[in-house]
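Peer 1: Here's a structure for you.
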Amino acid sequence: MRAFADLYASLDETTKTNEKIAAMSRYFGSAPPEDVAWTVHFLIGRRPKRLIPTGDLVAWAIDEAKIPEWLFGESYQAVGDLAETIALLLPPAKATSDKPLRYWVEERLLPMRGWDDAARRESMIDAWRGMSERQRFAWNKLITGEFRVGVSQNLVVRALAEASGVEANVLAHRLMGDWQPTADFATQILGKETADADVSRPYPFCLAYPLEGEVESLGDMADWQIEWKWDGIRSQLIRREWRTFLWSRGEELITDRFPELAAAGALLPEGTVLDGEVLPWKDGAPLPFTQMQRRIGRKELGAKILAEVPVVLVVFDLLECNREDVRERPIEWRRVELERIVAAAGPESHLVASPLVAGASWEELKNTREQARSRGVEGFMLKRRGSPYRVGRRVGDWCKWKINPYSIDAVLIYAQPGSGRRASLFTDYTFGIWDEGELVPFAKAYSGLTDDEIRQVDAFVRNNTIEKFGPVRRVKPELVFELAFEAIQRSSRHRSGIAVRFPRMARWRTDKKAADADTIETIRALLPPEP
Amino acid sequence: MDNLLQLNPNGLYCAAGDFYVDPWNPVERAVITHAHADHLCAGSKSYLCTRPSERLLRARVGVEGAVAPLVYGDVRNINGVDVSFHPAGHILGSAQVRLEYQGQIWVVSGDYKLAPDPTCAAFETVRCHAFVTESTFGLPIFRWPQPDAALDEINAWWRANQRAGKASVLFAYPLGKAQRVLAGINSSIGPVYTHGAIEQLNGIYRECGSALPATQYARSASPKTDWTRALIVAPPMAKKSPWLRRFGDFSTGMASGWMGIRGTRRRRSIDRGFVLSDHADWPALLSAIRGSGAERVWVTHGYRAPLARWLAENGVDADAIETRFEGEQDAQVADQADI
């Protein structure tokens, strides 16, 4: 635990990428393999299911710290991070643990599942008492799972590559899918042996970067393959050794959620991996994403919901063909094979090849783009002809050209503090719009302001609070912001009767007064026609 | 009997003596605990403060009125109220103000700490009936490590930067914290440079008898200076200034109590935070309050409400009183200057 807590502290105390990589590489090169496996597991954002309810953890910490509950609450509000608050409040450490991370995770954390409350409590308090302050903090982080230290999967891969000499692309692939954090796994990922044992393992997704500036800056249109940009669940459908796996981009195995696609896998040739978007789909067109949310929310998928909201995989790339990794082949080759495979699966397969969009000029394409909203897509994907399938988000080959978002002007009415880096700053805002002379809550937004603007809004909130409800402040309705969002739907769950997708602050309209903000009527006019 | 002090729109007022302690606005007669800007408002007719504070007052805010210095422990009678200063251990010249009138004793702590600091006189416990305490760090999450531990970390960071060929730029509040750091670091590691705002105050500290190591004013250094061996001590406000460019490749650090919280440290995007505060942490606040023997406690500056509530729940007659800042004074406001 000592080395792991030190690693955590050194990752946490620098903002510089190179120093983070160096710290991880040193650790990977010196820690026992099972500790390396667990560390990679946590750093790339995997975590065990929450084993201790937050309420229990807080109650035990309060007992151990001998403070009243309200004082814990005040402290948490100032710190903004549960693991850290607890570490700061526990009585001063008198010990330090020399046991490895593996011991703490496998023998103390994971077995909690089977223990009763008294045993968990005793084990947890014993753990805190046996650790230094730094170790307690890292340990609490393992338990609460809020493991953010500014390390992306990409950085972990680079550090592993540095420590092992294995190529980064190979490592990125080995970290995908459903592996277990064991010593064997660590030895295997850091080994030079390239054969891959895991049949379910997906490939790292190639991600698009947003188009900046005018589309003409991309040069000759003939150099680009053009597709619609779908708003679904980005996924890989894998068929290997007569088994089917559907992975989401969040690296969740979602095969069971989509029986249609599990069945589709059986129609694919052995050794095939398709990349696409899972979309709710009917009569050759996508349904609104809110329909998909109805389906995702359910544990049991009855016949009714399967009939009402069927899904397809809109396929746009082929990563493995006849058991061969074909990512280095040019996009045209992959496209031809992909069309052949989808066609062979048949029209009832729930597989749809994402249509290519034709156009004579960028100008013509701009006109076509106007149809995006009525087609239920987010814009275009532009892919460079001749390009391979790359790992991660790289500027160059895949570019997303989204339609301009909707935008409206709304008034800041509630604010509450953020967490992590934004702890004790008011950064989470609720915005209202006018409805018969009254401001009704319309959307929440957390992003889009610069640090300077956040500080100014924070100061405004502090000096213009009308009412407090716990951490939430009702403020004088004075500040107007332009909110941008991607889609708009009717909703019975929202007071305004409207739900929007991905709302964020596009601009602070210092030139506008609250009275100039939009009304519910203007926003209703943006809604699609009643079904 | 009436309270010896009361709060009015100009701050803490002693009606019997007709003077203010750390007034928020210009008044006839001001008694000053220490020379930090949030305790010192320019423009009053007359000031009473400790002798070292007098130097700092004139240097800091260009006080033009009459400034009467008083030695720690000496008593000045103002309209029948006995006023005396007692070391608060916060910065050079910082004092608790003791007021005695008709047998009633009040102490206004100003800012204070109990931890050792070679640049100022150590906090003295003063028994009183009523104690007005600061509470900048009035939550149990604030518990400082030994000052030597923070100073050792600064030394280690400085050495590591030297090995990596980088200058070490340490941000510290220019009055108090900067000098405490200078007095505490191992100056044999390399040359020490300072920002002008700090160098000027170093002069006053040295004249008042502080043993600070040799420092050089960074701006007057030769353009050929090898900064990679140097420690440069600068005020936090210099962080965004082009002044920093001359140092080439550098690592940044900050010495402040706020560095004990990861969120505030990360928000500032500095490389290293060193937990070194000139304020009392939670255990020290409780110990100072207990030590005063006061039956009544007024809590001001910082996390007032939680500390007052905690005291009240533990049998102390305590109230949170307003501070000079508009709205709330909390981590955010104070974050801009650890004073």
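Identifiers in the structure tokens: chain A, B, ... in order shown; residue index from 1 per chain; ligand index from 1 in order shown.
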Do you have, as JSON lines, the list of residues of chain B lying at most 7 Å from chain A, each with its nearest atom pair and that distance in Å to one decimal, counting only C-alpha atoms and ordered by chain then number?
Peer 2:
```
{"residue": "B:Leu139", "atom": "CA", "partner": "A:Ser75", "partner_atom": "CA", "distance": 6.4}
{"residue": "B:Pro140", "atom": "CA", "partner": "A:Leu89", "partner_atom": "CA", "distance": 6.3}
{"residue": "B:Ile141", "atom": "CA", "partner": "A:Leu88", "partner_atom": "CA", "distance": 5.0}
{"residue": "B:Ile261", "atom": "CA", "partner": "A:Val79", "partner_atom": "CA", "distance": 6.4}
{"residue": "B:Gly263", "atom": "CA", "partner": "A:Arg421", "partner_atom": "CA", "distance": 4.6}
{"residue": "B:Arg266", "atom": "CA", "partner": "A:Arg421", "partner_atom": "CA", "distance": 6.0}
{"residue": "B:Arg267", "atom": "CA", "partner": "A:Arg421", "partner_atom": "CA", "distance": 5.7}
{"residue": "B:Ser269", "atom": "CA", "partner": "A:Thr15", "partner_atom": "CA", "distance": 6.9}
{"residue": "B:Asp271", "atom": "CA", "partner": "A:Thr14", "partner_atom": "CA", "distance": 5.0}
{"residue": "B:Arg272", "atom": "CA", "partner": "A:Glu13", "partner_atom": "CA", "distance": 5.9}
{"residue": "B:Pro306", "atom": "CA", "partner": "A:Leu71", "partner_atom": "CA", "distance": 6.9}
{"residue": "B:Gly327", "atom": "CA", "partner": "A:Asn463", "partner_atom": "CA", "distance": 5.0}
{"residue": "B:Glu328", "atom": "CA", "partner": "A:Arg462", "partner_atom": "CA", "distance": 6.5}
```
Peer 1: Can you spit out the residues from that selection as a PDB file, in the first residue's frame, using C-alpha atoms?
Peer 2:
```
ATOM      1  CA  LEU B 139     -13.126  23.076  10.540  1.00  0.00           C
ATOM      2  CA  PRO B 140     -11.645  19.795  11.820  1.00  0.00           C
ATOM      3  CA  ILE B 141     -10.320  18.989   8.320  1.00  0.00           C
ATOM      4  CA  ILE B 261      -7.207  20.548   0.491  1.00  0.00           C
ATOM      5  CA  GLY B 263      -9.387  20.874  -4.613  1.00  0.00           C
ATOM      6  CA  ARG B 266      -5.543  21.700  -8.073  1.00  0.00           C
ATOM      7  CA  ARG B 267      -7.659  24.679  -8.973  1.00  0.00           C
ATOM      8  CA  SER B 269      -2.668  24.455 -11.160  1.00  0.00           C
ATOM      9  CA  ASP B 271       2.949  21.729  -9.193  1.00  0.00           C
ATOM     10  CA  ARG B 272       3.361  21.353  -5.453  1.00  0.00           C
ATOM     11  CA  PRO B 306     -19.273  25.810  12.277  1.00  0.00           C
ATOM     12  CA  GLY B 327     -21.425  38.373   1.788  1.00  0.00           C
ATOM     13  CA  GLU B 328     -19.444  35.412   2.930  1.00  0.00           C
TER      14      GLU B 328
END
```
Peer 1: What lies within 10 Å of Gly359 of chain A using only C-alpha atoms, ignoring chain neighbours under 4 positions off, as a PyMOL selection string?
Peer 2: chain A and resi 221-222+226+363-368
Peer 1: Give me, as a list in words, all polymer residues having an atom no more than 10 Å from Gly253 of chain B, counting only C-alpha atoms and skipping those fewer than 6 positions away in the same chain.
Peer 2: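 Returned residues: Ile154, Trp157, Trp158, Ser168, Val169, Leu170, Phe171, Ala172, Val233, Pro236, Met259, Arg265, Ser269, Ile270, Asp271, Arg272, Gly273 and Phe274 of chain B.
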Peer 1: Taking only C-alpha atoms into account, name the residue in B:Cys208, B:Val21, B:Ile78, B:Ala183 that is nearest to Pro52 of chain B.
Peer 2: B:Cys208
Peer 1: Point out the residue among A:Lys299, A:Arg108, A:Arg50, A:Arg390 with the least atom-to-atom distance to Arg329 of chain A, counting only C-alpha atoms.
Peer 2: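 So, comparing all the options, the nearest one is A:Arg390.
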Peer 1: Based on the backbone DSSP call, show me all residues of segment 265-307 of chain B assigned helix (DSSP H, G or I), as a VMD selection string.
Peer 2: chain B and resid 265 to 267 282 to 292 304 to 307
Peer 1: Mind checking which residues fall within 8 Å of Arg507 of chain A, counting only C-alpha atoms, ignoring those fewer than 3 positions away in the same chain, and posting them as a list in words?
Peer 2: Gly448, Leu449, Phe481, Glu482 and Leu483 of chain A
Peer 1: Within 7 Å of Gly276 of chain A, counting only C-alpha atoms, which residues qualify if same-chain residues fewer than 3 places away don't, as number ranges by chain?
Peer 2: A: 234-236, 313-317
Peer 1: Contacts of Gln6 of chain B at 10 Å or less, counting only C-alpha atoms, minus same-chain residues fewer than 6 places along, as a list in words?
Peer 2: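 Counting only C-alpha atoms, the residues come to Leu12, Tyr13, Cys14, Ala15, Tyr20 and Ile321 of chain B.
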Peer 1: Write the residues you've just listed into a file as a PDB file, in the first residue's frame, and include N, CA and C atoms for each of them.
Peer 2:
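Saved file part21.pdb follows:
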```pdb
ATOM      1  N   LEU B  12     -15.612  46.447  15.027  1.00  0.00           N
ATOM      2  CA  LEU B  12     -15.661  46.203  16.478  1.00  0.00           C
ATOM      3  C   LEU B  12     -15.368  47.502  17.219  1.00  0.00           C
ATOM      4  N   TYR B  13     -16.341  47.956  18.014  1.00  0.00           N
ATOM      5  CA  TYR B  13     -16.230  49.280  18.641  1.00  0.00           C
ATOM      6  C   TYR B  13     -16.254  49.152  20.163  1.00  0.00           C
ATOM      7  N   CYS B  14     -15.349  49.876  20.800  1.00  0.00           N
ATOM      8  CA  CYS B  14     -15.346  49.941  22.255  1.00  0.00           C
ATOM      9  C   CYS B  14     -15.907  51.301  22.657  1.00  0.00           C
ATOM     10  N   ALA B  15     -17.146  51.307  23.134  1.00  0.00           N
ATOM     11  CA  ALA B  15     -17.811  52.580  23.431  1.00  0.00           C
ATOM     12  C   ALA B  15     -17.164  53.281  24.624  1.00  0.00           C
ATOM     13  N   TYR B  20     -11.906  51.812  17.910  1.00  0.00           N
ATOM     14  CA  TYR B  20     -12.231  50.573  17.192  1.00  0.00           C
ATOM     15  C   TYR B  20     -11.022  49.636  17.207  1.00  0.00           C
ATOM     16  N   ILE B 321     -19.742  36.292  14.578  1.00  0.00           N
ATOM     17  CA  ILE B 321     -20.004  37.703  14.281  1.00  0.00           C
ATOM     18  C   ILE B 321     -19.499  38.021  12.890  1.00  0.00           C
TER      19      ILE B 321
END
```
